[in-house]
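*Asks:* Quick one, coords_37.cif (mmCIF, C-alpha atoms):
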data_protein
loop_
_atom_site.label_atom_id
_atom_site.label_comp_id
_atom_site.auth_asym_id
_atom_site.auth_seq_id
_atom_site.Cartn_x
_atom_site.Cartn_y
_atom_site.Cartn_z
CA MET X 1 -9.37 11.04 15.65
CA ASN X 2 -7.38 10.77 18.84
CA LEU X 3 -3.82 9.76 18.20
CA ALA X 4 -1.07 8.57 20.48
CA LEU X 5 2.42 7.39 19.68
CA GLU X 6 4.33 5.19 22.05
CA VAL X 7 7.85 3.95 21.51
CA ARG X 8 9.29 1.38 23.86
CA GLY X 9 12.82 0.00 24.12
CA LEU X 10 13.66 0.91 20.55
CA THR X 11 17.08 -0.17 19.32
CA CYS X 12 18.55 0.85 16.00
CA ILE X 13 21.57 -0.84 14.49
CA ARG X 14 23.03 0.56 11.28
CA GLY X 15 26.08 -1.06 9.71
CA GLN X 16 26.74 -3.18 12.83
CA ARG X 17 26.85 -0.05 14.96
CA ALA X 18 24.16 0.64 17.52
CA LEU X 19 22.92 4.21 16.99
CA PHE X 20 20.70 4.08 20.04
CA ARG X 21 19.54 1.39 22.43
CA ASP X 22 16.47 1.04 24.56
CA LEU X 23 14.92 4.34 23.49
CA SER X 24 11.49 5.04 24.94
CA PHE X 25 9.23 8.03 24.56
CA SER X 26 5.62 8.84 23.92
CA LEU X 27 3.80 11.60 22.11
CA ALA X 28 0.21 12.64 22.56
CA ALA X 29 -2.12 14.28 20.04
CA GLY X 30 -1.57 18.00 19.69
CA ARG X 31 2.04 17.85 20.82
CA ALA X 32 5.31 18.55 19.04
CA LEU X 33 8.62 16.89 19.84
CA ALA X 34 11.98 18.27 18.78
CA LEU X 35 14.54 15.58 18.13
CA GLN X 36 18.05 16.80 18.87
CA GLY X 37 21.51 15.35 18.91
CA PRO X 38 24.88 15.60 17.21
CA ASN X 39 25.53 14.41 13.65
CA GLY X 40 25.28 10.65 13.42
CA ALA X 41 23.20 10.29 16.59
CA GLY X 42 20.46 8.54 14.64
CA LYS X 43 17.83 11.26 14.20
CA THR X 44 17.08 10.43 10.59
CA SER X 45 17.21 6.70 11.34
CA LEU X 46 14.65 7.16 14.12
CA LEU X 47 12.35 8.99 11.71
CA ARG X 48 12.77 6.23 9.11
CA LEU X 49 12.03 3.63 11.78
CA LEU X 50 8.84 5.45 12.73
CA ALA X 51 7.81 5.75 9.08
CA GLY X 52 8.30 2.00 8.70
CA PHE X 53 11.11 2.15 6.12
CA LEU X 54 13.58 0.56 8.55
CA ARG X 55 12.87 -2.32 10.86
CA PRO X 56 13.86 -1.95 14.48
CA ALA X 57 16.54 -4.30 15.83
CA GLY X 58 14.52 -4.35 19.05
CA GLY X 59 11.61 -2.67 20.76
CA THR X 60 8.17 -1.65 19.59
CA ILE X 61 6.57 1.34 17.90
CA CYS X 62 2.90 1.63 18.66
CA LEU X 63 0.49 4.11 17.13
CA ARG X 64 -3.01 4.26 18.58
CA THR X 65 -6.00 5.84 16.92
CA ASP X 66 -8.98 6.16 19.21
CA GLY X 67 -7.51 3.41 21.36
CA ALA X 68 -7.14 0.93 18.48
CA GLU X 69 -3.60 -0.13 17.83
CA VAL X 70 -1.99 0.21 14.41
CA ALA X 71 0.52 -2.60 14.64
CA ASP X 72 1.61 -3.07 11.04
CA ALA X 73 4.38 -0.74 9.89
CA GLU X 74 2.91 -0.34 6.43
CA GLU X 75 -0.48 0.49 7.92
CA ARG X 76 1.21 3.08 10.12
CA GLY X 77 2.62 4.72 6.99
CA LYS X 78 -0.91 5.80 6.03
CA PHE X 79 -0.93 8.18 8.99
CA ILE X 80 2.39 9.79 8.27
CA GLY X 81 3.22 13.10 6.63
CA TRP X 82 6.82 12.91 5.53
CA LEU X 83 9.37 15.67 5.04
CA ALA X 84 12.84 14.28 4.44
CA HIS X 85 16.04 16.24 4.08
CA GLN X 86 15.68 15.61 0.35
CA ASP X 87 12.97 17.76 -1.17
CA ALA X 88 11.70 15.18 -3.69
CA VAL X 89 11.26 17.88 -6.33
CA LYS X 90 11.12 16.75 -9.95
CA GLN X 91 13.30 18.84 -12.26
CA GLN X 92 11.00 18.58 -15.29
CA LEU X 93 7.63 19.23 -13.63
CA GLY X 94 6.16 22.60 -12.73
CA VAL X 95 5.36 23.55 -9.13
CA ARG X 96 1.59 23.41 -9.63
CA GLU X 97 1.89 20.14 -11.53
CA GLN X 98 3.87 18.50 -8.72
CA LEU X 99 1.46 19.59 -6.03
CA ALA X 100 -1.58 18.55 -8.07
CA PHE X 101 -0.04 15.11 -8.64
CA PHE X 102 0.72 14.69 -4.98
CA THR X 103 -2.78 15.68 -3.90
CA GLN X 104 -4.23 13.10 -6.30
CA LEU X 105 -1.76 10.44 -5.18
CA TYR X 106 -2.68 10.96 -1.54
CA GLY X 107 -6.34 11.52 -2.31
CA SER X 108 -6.46 14.10 0.48
CA GLY X 109 -8.94 16.36 -1.28
CA ARG X 110 -7.10 19.49 -0.19
CA ASP X 111 -6.63 22.45 -2.46
CA PRO X 112 -3.13 22.80 -3.96
CA GLU X 113 -3.79 26.47 -4.78
CA GLU X 114 -4.34 27.28 -1.14
CA ALA X 115 -1.12 25.55 -0.10
CA MET X 116 0.73 27.44 -2.81
CA ARG X 117 -0.61 30.72 -1.48
CA THR X 118 0.31 29.80 2.11
CA PHE X 119 3.89 28.96 1.22
CA GLY X 120 4.43 31.83 -1.22
CA LEU X 121 4.68 29.62 -4.29
CA MET X 122 2.04 31.43 -6.39
CA PRO X 123 4.55 33.41 -8.49
CA LEU X 124 6.43 30.16 -9.21
CA ALA X 125 3.37 28.05 -10.12
CA GLU X 126 4.41 27.25 -13.70
CA LEU X 127 8.17 27.11 -13.08
CA PRO X 128 9.83 23.69 -13.54
CA GLY X 129 11.59 22.29 -10.49
CA GLN X 130 15.07 22.70 -11.94
CA TYR X 131 14.85 26.50 -11.67
CA LEU X 132 13.86 26.56 -8.01
CA SER X 133 16.32 27.65 -5.33
CA ALA X 134 17.03 25.41 -2.33
CA GLY X 135 14.67 27.45 -0.16
CA GLN X 136 11.92 27.41 -2.77
CA LYS X 137 12.22 23.64 -3.06
CA ARG X 138 11.86 23.45 0.71
CA ARG X 139 8.69 25.54 0.52
CA LEU X 140 7.35 23.20 -2.14
CA ALA X 141 8.10 20.21 0.13
CA LEU X 142 6.33 21.95 3.02
CA ALA X 143 3.30 22.72 0.87
CA ARG X 144 3.20 19.06 -0.07
CA LEU X 145 3.40 18.06 3.58
CA GLN X 146 0.36 20.18 4.35
CA LEU X 147 -1.50 18.76 1.35
CA SER X 148 -0.90 15.21 2.59
CA ALA X 149 -3.51 15.79 5.33
CA ARG X 150 -1.80 13.21 7.52
CA PRO X 151 -1.94 13.45 11.32
CA LEU X 152 1.60 12.39 12.28
CA TRP X 153 4.27 14.62 10.77
CA LEU X 154 7.84 13.37 10.66
CA LEU X 155 10.16 16.20 9.70
CA ASP X 156 13.87 15.98 8.99
CA GLU X 157 15.55 19.39 9.32
CA PRO X 158 12.41 21.32 8.31
CA LEU X 159 14.20 24.66 8.65
CA ALA X 160 17.10 23.86 6.34
CA ALA X 161 17.66 26.41 3.55
CA LEU X 162 14.69 28.57 4.63
CA ASP X 163 14.85 32.33 5.16
CA SER X 164 13.53 33.89 8.36
CA ALA X 165 10.05 34.34 6.90
CA GLY X 166 10.12 30.69 5.89
CA LYS X 167 11.15 29.62 9.37
CA LYS X 168 8.30 31.61 10.85
CA LEU X 169 5.99 29.90 8.39
CA VAL X 170 7.17 26.48 9.56
CA ALA X 171 6.53 27.46 13.18
CA GLU X 172 3.01 28.65 12.28
CA THR X 173 2.29 25.53 10.25
CA VAL X 174 3.46 23.24 13.05
CA THR X 175 1.42 25.18 15.62
CA THR X 176 -1.71 24.99 13.46
CA HIS X 177 -1.20 21.30 12.83
CA CYS X 178 -0.84 20.58 16.55
CA ALA X 179 -3.84 22.76 17.39
CA SER X 180 -5.96 20.62 15.07
CA GLY X 181 -4.97 17.46 16.96
CA GLY X 182 -1.95 16.44 14.89
CA MET X 183 1.46 15.34 16.09
CA VAL X 184 4.86 16.58 14.98
CA LEU X 185 8.24 14.98 15.42
CA ALA X 186 11.02 17.12 14.02
CA ALA X 187 14.73 16.36 13.86
CA THR X 188 16.44 19.71 14.02
CA HIS X 189 19.61 21.50 15.03
CA GLU X 190 17.86 24.84 15.28
CA ASP X 191 15.12 26.11 17.53
CA LEU X 192 11.77 25.28 15.90
CA GLY X 193 10.21 28.41 17.33
CA VAL X 194 7.38 26.35 18.76
CA GLU X 195 6.63 25.33 22.29
CA CYS X 196 7.62 21.67 22.35
CA GLU X 197 9.28 18.89 24.28
CA THR X 198 12.80 17.84 23.39
CA LEU X 199 14.26 14.40 22.95
CA ARG X 200 18.06 14.28 22.91
CA LEU X 201 19.76 11.38 21.21
CA GLY X 202 23.26 10.61 22.45
CA ALA X 203 26.49 11.02 20.58
CA ALA X 204 27.61 8.28 18.23
CA ARG X 205 29.64 5.61 19.90
CA MET A 206 -8.31 11.26 -10.55
CA ASN A 207 -7.50 8.12 -8.64
CA PRO A 208 -3.97 7.61 -7.27
CA PHE A 209 -3.09 4.84 -9.75
CA PHE A 210 -3.77 6.98 -12.81
CA ALA A 211 -2.17 10.01 -11.17
CA LEU A 212 1.08 8.07 -10.79
CA LEU A 213 0.78 6.55 -14.27
CA LEU A 214 0.25 9.93 -15.87
CA ARG A 215 3.06 11.56 -13.94
CA ASP A 216 5.52 8.83 -14.93
CA ILE A 217 4.54 9.15 -18.59
CA ARG A 218 5.01 12.91 -18.34
CA LEU A 219 8.46 12.45 -16.82
CA ALA A 220 9.39 9.89 -19.47
CA VAL A 221 8.44 12.03 -22.46
CA ARG A 222 9.89 15.31 -21.17
CA ALA A 223 13.53 16.26 -21.56
CA GLY A 224 15.85 13.71 -19.98
CA GLY A 225 13.06 11.20 -19.50
CA GLY A 226 14.48 8.55 -21.79
CA ALA A 227 11.45 7.64 -23.93
CA ALA A 228 12.66 9.57 -26.97
CA LEU A 229 16.17 8.29 -26.36
CA ALA A 230 14.96 4.69 -26.46
CA LEU A 231 13.10 5.28 -29.73
CA ALA A 232 16.11 6.95 -31.36
CA PHE A 233 18.39 4.16 -30.16
CA PHE A 234 16.01 1.56 -31.59
CA ALA A 235 15.89 3.32 -34.96
CA CYS A 236 19.70 3.69 -35.11
CA VAL A 237 20.51 0.07 -34.25
CA VAL A 238 17.91 -1.35 -36.60
CA THR A 239 19.08 0.91 -39.43
CA LEU A 240 22.71 -0.13 -38.91
CA VAL A 241 21.99 -3.85 -39.41
CA PRO A 242 21.11 -3.71 -43.16
CA LEU A 243 24.16 -1.46 -43.63
CA GLY A 244 26.37 -4.03 -41.92
CA VAL A 245 24.85 -7.18 -43.37
CA GLY A 246 24.61 -5.92 -46.93
CA ALA A 247 21.85 -5.88 -49.51
CA ASP A 248 20.95 -9.58 -49.50
CA MET A 249 17.20 -9.13 -49.29
CA ARG A 250 16.43 -12.75 -48.52
CA LEU A 251 18.92 -12.85 -45.67
CA LEU A 252 17.62 -9.55 -44.28
CA ALA A 253 14.02 -10.71 -44.34
CA ARG A 254 15.12 -13.87 -42.53
CA VAL A 255 16.85 -12.05 -39.65
CA ALA A 256 14.40 -9.14 -39.43
CA GLY A 257 12.30 -10.59 -36.61
CA GLY A 258 15.32 -11.38 -34.46
CA VAL A 259 17.05 -8.06 -35.08
CA LEU A 260 13.98 -5.96 -34.38
CA TRP A 261 13.17 -7.93 -31.25
CA VAL A 262 16.70 -7.74 -29.82
CA ALA A 263 16.91 -4.03 -30.64
CA ALA A 264 13.50 -3.40 -29.04
CA VAL A 265 14.53 -5.18 -25.83
CA LEU A 266 17.81 -3.25 -25.62
CA ALA A 267 16.06 0.04 -26.35
CA ALA A 268 13.44 -0.60 -23.68
CA LEU A 269 16.22 -1.31 -21.17
CA LEU A 270 17.70 2.14 -21.80
CA ALA A 271 14.67 3.81 -20.25
CA LEU A 272 14.29 1.23 -17.50
CA ASP A 273 17.13 1.88 -15.08
CA ARG A 274 15.62 5.17 -13.90
CA LEU A 275 12.18 3.63 -13.30
CA PHE A 276 12.62 3.51 -9.53
CA GLN A 277 16.09 4.97 -9.14
CA ALA A 278 15.18 8.54 -10.07
CA ASP A 279 12.44 8.57 -7.44
CA TYR A 280 14.74 6.86 -4.94
CA GLU A 281 17.54 9.39 -5.35
CA ASP A 282 15.44 12.53 -4.95
CA GLY A 283 13.33 11.15 -2.10
CA SER A 284 10.08 10.86 -4.07
CA LEU A 285 9.97 7.11 -3.53
CA ASP A 286 9.57 7.58 0.24
CA LEU A 287 6.51 9.73 -0.39
CA ILE A 288 5.08 7.25 -2.89
CA VAL A 289 5.60 4.37 -0.44
CA LEU A 290 3.69 6.29 2.24
CA SER A 291 0.81 7.04 -0.18
CA PRO A 292 -2.46 5.06 -0.05
CA LEU A 293 -1.26 2.97 -3.02
CA SER A 294 0.26 -0.36 -2.10
CA LEU A 295 3.77 -0.91 -3.40
CA GLU A 296 2.51 -3.66 -5.70
CA VAL A 297 0.05 -1.30 -7.38
CA THR A 298 2.77 1.36 -7.51
CA ALA A 299 5.03 -1.09 -9.37
CA LEU A 300 2.20 -1.92 -11.75
CA ALA A 301 1.57 1.78 -12.46
CA LYS A 302 5.25 2.35 -13.16
CA THR A 303 5.41 -0.72 -15.40
CA ALA A 304 2.36 0.45 -17.34
CA ALA A 305 3.83 3.94 -17.70
CA HIS A 306 7.08 2.50 -19.02
CA TRP A 307 5.22 0.39 -21.55
CA LEU A 308 3.01 3.26 -22.74
CA ALA A 309 6.00 5.59 -23.09
CA THR A 310 8.45 3.06 -24.56
CA GLY A 311 7.02 -0.35 -25.54
CA LEU A 312 4.03 0.94 -27.44
CA PRO A 313 5.94 3.56 -29.49
CA LEU A 314 8.63 0.94 -30.25
CA THR A 315 5.92 -1.38 -31.58
CA VAL A 316 4.55 1.31 -33.87
CA LEU A 317 8.02 2.32 -35.06
CA SER A 318 8.89 -1.31 -35.84
CA ALA A 319 6.22 -1.39 -38.56
CA LEU A 320 8.08 1.43 -40.35
CA LEU A 321 11.53 -0.06 -39.83
CA ALA A 322 10.39 -3.45 -41.17
CA VAL A 323 10.57 -1.86 -44.64
CA LEU A 324 14.37 -1.81 -44.35
CA PHE A 325 14.31 -5.61 -44.20
CA ASP A 326 11.96 -6.21 -47.12
CA LEU A 327 9.54 -7.90 -44.75
CA SER A 328 6.26 -9.02 -46.32
CA LEU A 329 3.06 -7.38 -45.17
CA LYS A 330 1.95 -10.53 -43.38
CA ALA A 331 5.27 -10.96 -41.63
CA THR A 332 5.23 -7.30 -40.62
CA GLY A 333 1.80 -7.86 -39.14
CA ALA A 334 3.13 -10.79 -37.13
CA LEU A 335 6.12 -8.72 -35.97
CA VAL A 336 3.96 -5.82 -34.80
CA LEU A 337 1.53 -8.17 -33.09
CA SER A 338 4.36 -10.05 -31.35
CA LEU A 339 5.87 -6.78 -30.11
CA LEU A 340 2.47 -5.58 -28.95
CA ILE A 341 1.99 -8.78 -26.97
CA GLY A 342 5.59 -9.18 -25.84
CA THR A 343 6.79 -5.71 -24.83
CA PRO A 344 4.62 -5.62 -21.68
CA ALA A 345 6.73 -8.56 -20.47
CA VAL A 346 9.87 -6.53 -21.16
CA SER A 347 8.52 -3.65 -19.06
CA ALA A 348 7.33 -5.98 -16.30
CA ILE A 349 10.50 -8.05 -15.93
CA GLY A 350 12.55 -4.91 -16.41
CA ALA A 351 10.69 -3.29 -13.53
CA VAL A 352 11.85 -6.11 -11.24
CA GLY A 353 15.43 -5.54 -12.33
CA ALA A 354 15.05 -1.79 -11.86
CA ALA A 355 13.68 -2.31 -8.36
CA LEU A 356 16.53 -4.68 -7.46
CA THR A 357 19.20 -2.23 -8.60
CA LEU A 358 17.59 0.99 -7.42
CA SER A 359 20.11 1.76 -4.71
CA ILE A 360 23.16 0.70 -6.70
CA ARG A 361 25.22 3.45 -8.22
CA ARG A 362 25.31 2.99 -11.98
CA GLY A 363 22.81 0.18 -11.49
CA GLY A 364 21.92 0.67 -15.15
CA LEU A 365 24.99 -1.37 -16.01
CA ILE A 366 23.96 -4.37 -13.91
CA LEU A 367 20.32 -4.19 -14.94
CA PRO A 368 20.81 -5.79 -18.40
CA LEU A 369 22.73 -8.68 -16.81
CA ILE A 370 19.75 -9.44 -14.58
CA VAL A 371 17.00 -8.78 -17.08
CA LEU A 372 18.30 -10.01 -20.45
CA PRO A 373 18.50 -13.74 -19.58
CA LEU A 374 14.95 -13.58 -18.25
CA LEU A 375 13.77 -12.02 -21.48
CA ALA A 376 15.14 -14.81 -23.68
CA PRO A 377 11.69 -16.48 -24.00
CA ALA A 378 10.16 -13.23 -25.26
CA VAL A 379 12.84 -12.88 -27.93
CA ILE A 380 12.59 -16.55 -28.93
CA PHE A 381 8.81 -16.60 -29.28
CA GLY A 382 8.62 -13.07 -30.66
CA SER A 383 11.05 -13.60 -33.53
CA GLY A 384 9.73 -17.17 -33.87
CA ALA A 385 6.29 -15.77 -34.62
CA VAL A 386 7.70 -13.79 -37.55
CA LEU A 387 9.60 -16.79 -38.90
CA ALA A 388 6.53 -19.01 -38.62
CA VAL A 389 4.60 -16.62 -40.86
CA GLN A 390 7.47 -16.46 -43.35
CA ASP A 391 7.66 -20.26 -43.48
CA GLY A 392 3.90 -20.62 -43.71
CA LEU A 393 3.71 -22.60 -40.48
CA ALA A 394 1.03 -22.57 -37.80
CA ASN A 395 1.81 -19.71 -35.44
CA GLY A 396 1.93 -21.24 -31.96
CA ALA A 397 4.72 -18.89 -30.90
CA LEU A 398 2.29 -16.02 -30.39
CA TYR A 399 0.31 -18.04 -27.84
CA PHE A 400 3.46 -18.90 -25.90
CA LEU A 401 4.48 -15.26 -26.05
CA ALA A 402 1.06 -14.18 -24.77
CA ALA A 403 1.28 -16.68 -21.90
CA PHE A 404 4.80 -15.54 -21.00
CA SER A 405 3.73 -11.89 -21.11
CA LEU A 406 0.65 -12.50 -19.01
CA VAL A 407 2.53 -14.38 -16.29
CA SER A 408 5.26 -11.70 -16.21
CA VAL A 409 2.82 -8.84 -15.89
CA VAL A 410 0.84 -10.57 -13.16
CA LEU A 411 3.79 -11.71 -11.04
CA SER A 412 6.38 -8.98 -11.49
CA PRO A 413 4.64 -6.25 -9.43
CA PHE A 414 4.98 -8.49 -6.38
CA ALA A 415 8.65 -9.14 -7.03
CA ALA A 416 9.32 -5.46 -7.75
CA ALA A 417 7.49 -4.38 -4.56
CA ALA A 418 9.49 -6.85 -2.46
CA SER A 419 12.73 -5.53 -3.99
CA VAL A 420 11.78 -1.93 -3.24
CA ARG A 421 11.00 -2.82 0.38
CA LEU A 422 14.31 -4.59 0.70
CA ASN A 423 16.21 -1.66 -0.75
CA LEU A 424 14.47 0.95 1.41
CA ALA A 425 15.16 -1.06 4.57
CA SER A 426 18.90 -1.27 3.97
#
Could you write out this file's structure as structure tokens?
*Replies:*
Amino acid sequence: MNLALEVRGLTCIRGQRALFRDLSFSLAAGRALALQGPNGAGKTSLLRLLAGFLRPAGGTICLRTDGAEVADAEERGKFIGWLAHQDAVKQQLGVREQLAFFTQLYGSGRDPEEAMRTFGLMPLAELPGQYLSAGQKRRLALARLQLSARPLWLLDEPLAALDSAGKKLVAETVTTHCASGGMVLAATHEDLGVECETLRLGAAR
Amino acid sequence: MNPFFALLLRDIRLAVRAGGGAALALAFFACVVTLVPLGVGADMRLLARVAGGVLWVAAVLAALLALDRLFQADYEDGSLDLIVLSPLSLEVTALAKTAAHWLATGLPLTVLSALLAVLFDLSLKATGALVLSLLIGTPAVSAIGAVGAALTLSIRRGGLILPLIVLPLLAPAVIFGSGAVLAVQDGLANGALYFLAAFSLVSVVLSPFAAAASVRLNLAS
């Protein structure tokens, strides 16, 4: 599958305030894009626009797969791997349980055990979410992202709460994903540790 | 396992584990229903007369207790975003959540009502009608409740507004449900059950669309 993302003239208005106007960029398969900008510049809003949760006040978002256009926002969502700043970890469910559920929900056919090994979650497999530290929850969210088997990754602060080994793991995961023809768009204040282009959103006006 | 059953099973698991609200709803139901004979006094004929109404109202209120977190819990911790992006359409997602709520709350309430009917000196036949009416009617409570839960998912303490939205809509279920019990007690033909079944069917069929539209609206704001 050959993917391409093209954003043209995108305008985002939140609470009667324009976060950005006339934003255009494109992303090809196998590339990563770091989204930077001060607090309130609209990084998260841009990710939510791309995921189809928000509707743009103007402009178009166009995802192409093998040349065919995916116009509908909800259809576009089926290509997206989502990592928000919230970890979406359930307090009452064990780590293995949460990953198994997610794999079934997404029907990706990937192996949760392998993702748990990759992200160092094996010793925590039976532990309910409420006992996980912030960094461990982040690892769980990252494992889930990999299990989604989606080509376009939208990441909001993927490095938050991670230790240096965890950050290295994110860099490796992103590199592998890009090498297999995926795309990554990551809103971040830190250096991703990956060779990538940068898109700077302006300060809030 | 297919995505629908995966979501259904996970929601049931969350409901029955600590803090999930299913056990809370059952305990609430038992407490309220037990209090009524204590408050009304030992007039067995009067108690048998009001039993259907009391059990139905208590069941609706108890089901509401577990409803407000139906979408809100997933909204607050970010799980809802991931569910929306899953291969399941939002309508099917709403249906799975409604079904999970009914299996974890409505069905146990129905079973428990058969036991609690003893407190009201309800005849065996009337108890049968009560259980049957709850079995038919509680899916409507879950379905209409799911719409209310989806509407209030982004409101802080939305659980307080939820009953105001949902209770008026559930009036037909309470009327026909308790009416079915009275009809048996009076030896009348029981048309109420058919009306209840129709109401329940329409609610279950239409509410996933309304709930999905509400979730979309809330996510986009």
*Asks:* Counting all atoms listed in the file, give me one row per residue of chain X with an atom at most 10 Å from an atom of chain A, showing the shortest contact pair and its distance in Å to one decimal, sorted by chain then residue number, as a Markdown table.
*Replies:*
| residue | atom | partner | partner_atom | distance |
| --- | --- | --- | --- | --- |
| X:Arg14 | CA | A:Ser426 | CA | 8.6 |
| X:Gly15 | CA | A:Ser426 | CA | 9.2 |
| X:Arg48 | CA | A:Ala425 | CA | 8.9 |
| X:Leu49 | CA | A:Ala425 | CA | 9.2 |
| X:Ala51 | CA | A:Leu290 | CA | 8.0 |
| X:Gly52 | CA | A:Ala425 | CA | 8.6 |
| X:Phe53 | CA | A:Ala425 | CA | 5.4 |
| X:Leu54 | CA | A:Ala425 | CA | 4.6 |
| X:Arg55 | CA | A:Ala425 | CA | 6.8 |
| X:Glu74 | CA | A:Leu290 | CA | 7.9 |
| X:Glu75 | CA | A:Leu290 | CA | 9.1 |
| X:Arg76 | CA | A:Leu290 | CA | 8.9 |
| X:Gly77 | CA | A:Leu290 | CA | 5.1 |
| X:Lys78 | CA | A:Leu290 | CA | 6.0 |
| X:Phe79 | CA | A:Leu290 | CA | 8.4 |
| X:Ile80 | CA | A:Leu290 | CA | 7.1 |
| X:Gly81 | CA | A:Leu290 | CA | 8.1 |
| X:Trp82 | CA | A:Leu287 | CA | 6.7 |
| X:Leu83 | CA | A:Leu287 | CA | 8.5 |
| X:Ala84 | CA | A:Gly283 | CA | 7.3 |
| X:His85 | CA | A:Gly283 | CA | 8.5 |
| X:Gln86 | CA | A:Gly283 | CA | 5.6 |
| X:Asp87 | CA | A:Gly283 | CA | 6.7 |
| X:Ala88 | CA | A:Gly283 | CA | 4.6 |
| X:Val89 | CA | A:Asp282 | CA | 6.9 |
| X:Lys90 | CA | A:Asp282 | CA | 7.8 |
| X:Gln91 | CA | A:Leu219 | CA | 9.2 |
| X:Gln92 | CA | A:Leu219 | CA | 6.8 |
| X:Leu93 | CA | A:Leu219 | CA | 7.5 |
| X:Glu97 | CA | A:Arg215 | CA | 9.0 |
| X:Gln98 | CA | A:Arg215 | CA | 8.7 |
| X:Ala100 | CA | A:Ala211 | CA | 9.1 |
| X:Phe101 | CA | A:Ala211 | CA | 6.1 |
| X:Phe102 | CA | A:Ala211 | CA | 8.3 |
| X:Thr103 | CA | A:Pro208 | CA | 8.8 |
| X:Gln104 | CA | A:Pro208 | CA | 5.6 |
| X:Leu105 | CA | A:Pro208 | CA | 4.2 |
| X:Tyr106 | CA | A:Ser291 | CA | 5.4 |
| X:Gly107 | CA | A:Pro208 | CA | 6.7 |
| X:Ser108 | CA | A:Pro292 | CA | 9.9 |
| X:Arg144 | CA | A:Leu287 | CA | 9.9 |
| X:Leu145 | CA | A:Leu287 | CA | 9.7 |
| X:Ser148 | CA | A:Ser291 | CA | 8.8 |
*Asks:* Considering only C-alpha atoms, return as a list in words whatever protein or nucleic-acid residues lie within 8 Å of range 371-374 of chain A, sequence-local ones (same chain, fewer than 2 positions apart) excluded.
*Replies:* Ile349, Gly350, Gly353, Leu367, Pro368, Leu369, Ala376 and Pro377 of chain A
*Asks:* Would you kindly identify which residues have an atom no farther than 7 Å from (0.1, 11.8, 20.2), using all atoms listed in the file and the file's own coordinates, and write them out as a PDB file with C-alpha atoms, in the coordinates of the input?
*Replies:*
ATOM      1  CA  LEU X   3      -3.820   9.760  18.200  1.00  0.00           C
ATOM      2  CA  ALA X   4      -1.070   8.570  20.480  1.00  0.00           C
ATOM      3  CA  LEU X   5       2.420   7.390  19.680  1.00  0.00           C
ATOM      4  CA  LEU X  27       3.800  11.600  22.110  1.00  0.00           C
ATOM      5  CA  ALA X  28       0.210  12.640  22.560  1.00  0.00           C
ATOM      6  CA  ALA X  29      -2.120  14.280  20.040  1.00  0.00           C
ATOM      7  CA  GLY X  30      -1.570  18.000  19.690  1.00  0.00           C
ATOM      8  CA  ARG X  31       2.040  17.850  20.820  1.00  0.00           C
ATOM      9  CA  MET X 183       1.460  15.340  16.090  1.00  0.00           C
TER      10      MET X 183
END
*Asks:* Using only C-alpha atoms, find the one residue out of A:Leu300, A:Leu321, A:Val352, A:Leu251 that sits nearest to Leu269 in chain A.
*Replies:*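 Nearest to Leu269 in chain A: A:Val352.
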*Asks:* Got a sec: who's within 10 Å of Ser405 in chain A, counting only C-alpha atoms, leaving out chain neighbours fewer than 2 positions off, as a count of residues only?
*Replies:* 20
*Asks:* Any chance you could resolve the PyMOL selection byres ((chain X and resi 122-137) around 10) against this file and give the residues as a ChimeraX atom specification?
*Replies:* /X:86-99,113-121,138-143,159-163,166
*Asks:* How many Å separate CA of His177 in chain X from CA of Cys196 in chain X?
*Replies:*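 Value for the CA of His177 in chain X-CA of Cys196 in chain X distance: 13.0 Å.
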*Asks:* Using only C-alpha atoms, find all polymer residues with an atom at most 12 Å away from the point (-2.0, 21.7, 18.2); report them as an MDAnalysis selection string.
*Replies:* chainID X and resid 28:33 151:152 171:184 194:196
*Asks:* CA of Ala305 in chain A to CA of Gly363 in chain A: how many Å, to one decimal?
*Replies:*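 Those two atoms sit 20.3 Å apart.
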*Asks:* Near Arg254 in chain A, counting all atoms listed in the file, which residues have an atom at most 10 Å away, once you skip same-chain residues fewer than 2 positions from it, shown as a PDB file with C-alpha atoms, in the coordinates of the input?
*Replies:*
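Saved to around31.pdb:
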ATOM      1  CA  MET A 249      17.200  -9.130 -49.290  1.00  0.00           C
ATOM      2  CA  ARG A 250      16.430 -12.750 -48.520  1.00  0.00           C
ATOM      3  CA  LEU A 251      18.920 -12.850 -45.670  1.00  0.00           C
ATOM      4  CA  LEU A 252      17.620  -9.550 -44.280  1.00  0.00           C
ATOM      5  CA  ALA A 256      14.400  -9.140 -39.430  1.00  0.00           C
ATOM      6  CA  GLY A 257      12.300 -10.590 -36.610  1.00  0.00           C
ATOM      7  CA  GLY A 258      15.320 -11.380 -34.460  1.00  0.00           C
ATOM      8  CA  VAL A 259      17.050  -8.060 -35.080  1.00  0.00           C
ATOM      9  CA  PHE A 325      14.310  -5.610 -44.200  1.00  0.00           C
ATOM     10  CA  ASP A 326      11.960  -6.210 -47.120  1.00  0.00           C
ATOM     11  CA  LEU A 327       9.540  -7.900 -44.750  1.00  0.00           C
ATOM     12  CA  SER A 383      11.050 -13.600 -33.530  1.00  0.00           C
ATOM     13  CA  VAL A 386       7.700 -13.790 -37.550  1.00  0.00           C
ATOM     14  CA  LEU A 387       9.600 -16.790 -38.900  1.00  0.00           C
ATOM     15  CA  GLN A 390       7.470 -16.460 -43.350  1.00  0.00           C
ATOM     16  CA  ASP A 391       7.660 -20.260 -43.480  1.00  0.00           C
TER      17      ASP A 391
END
*Asks:* Would you compute the distance between CA of Thr303 in chain A and CA of Ala415 in chain A? Give it in Å to one decimal.
*Replies:*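 Those two atoms sit 12.3 Å apart.
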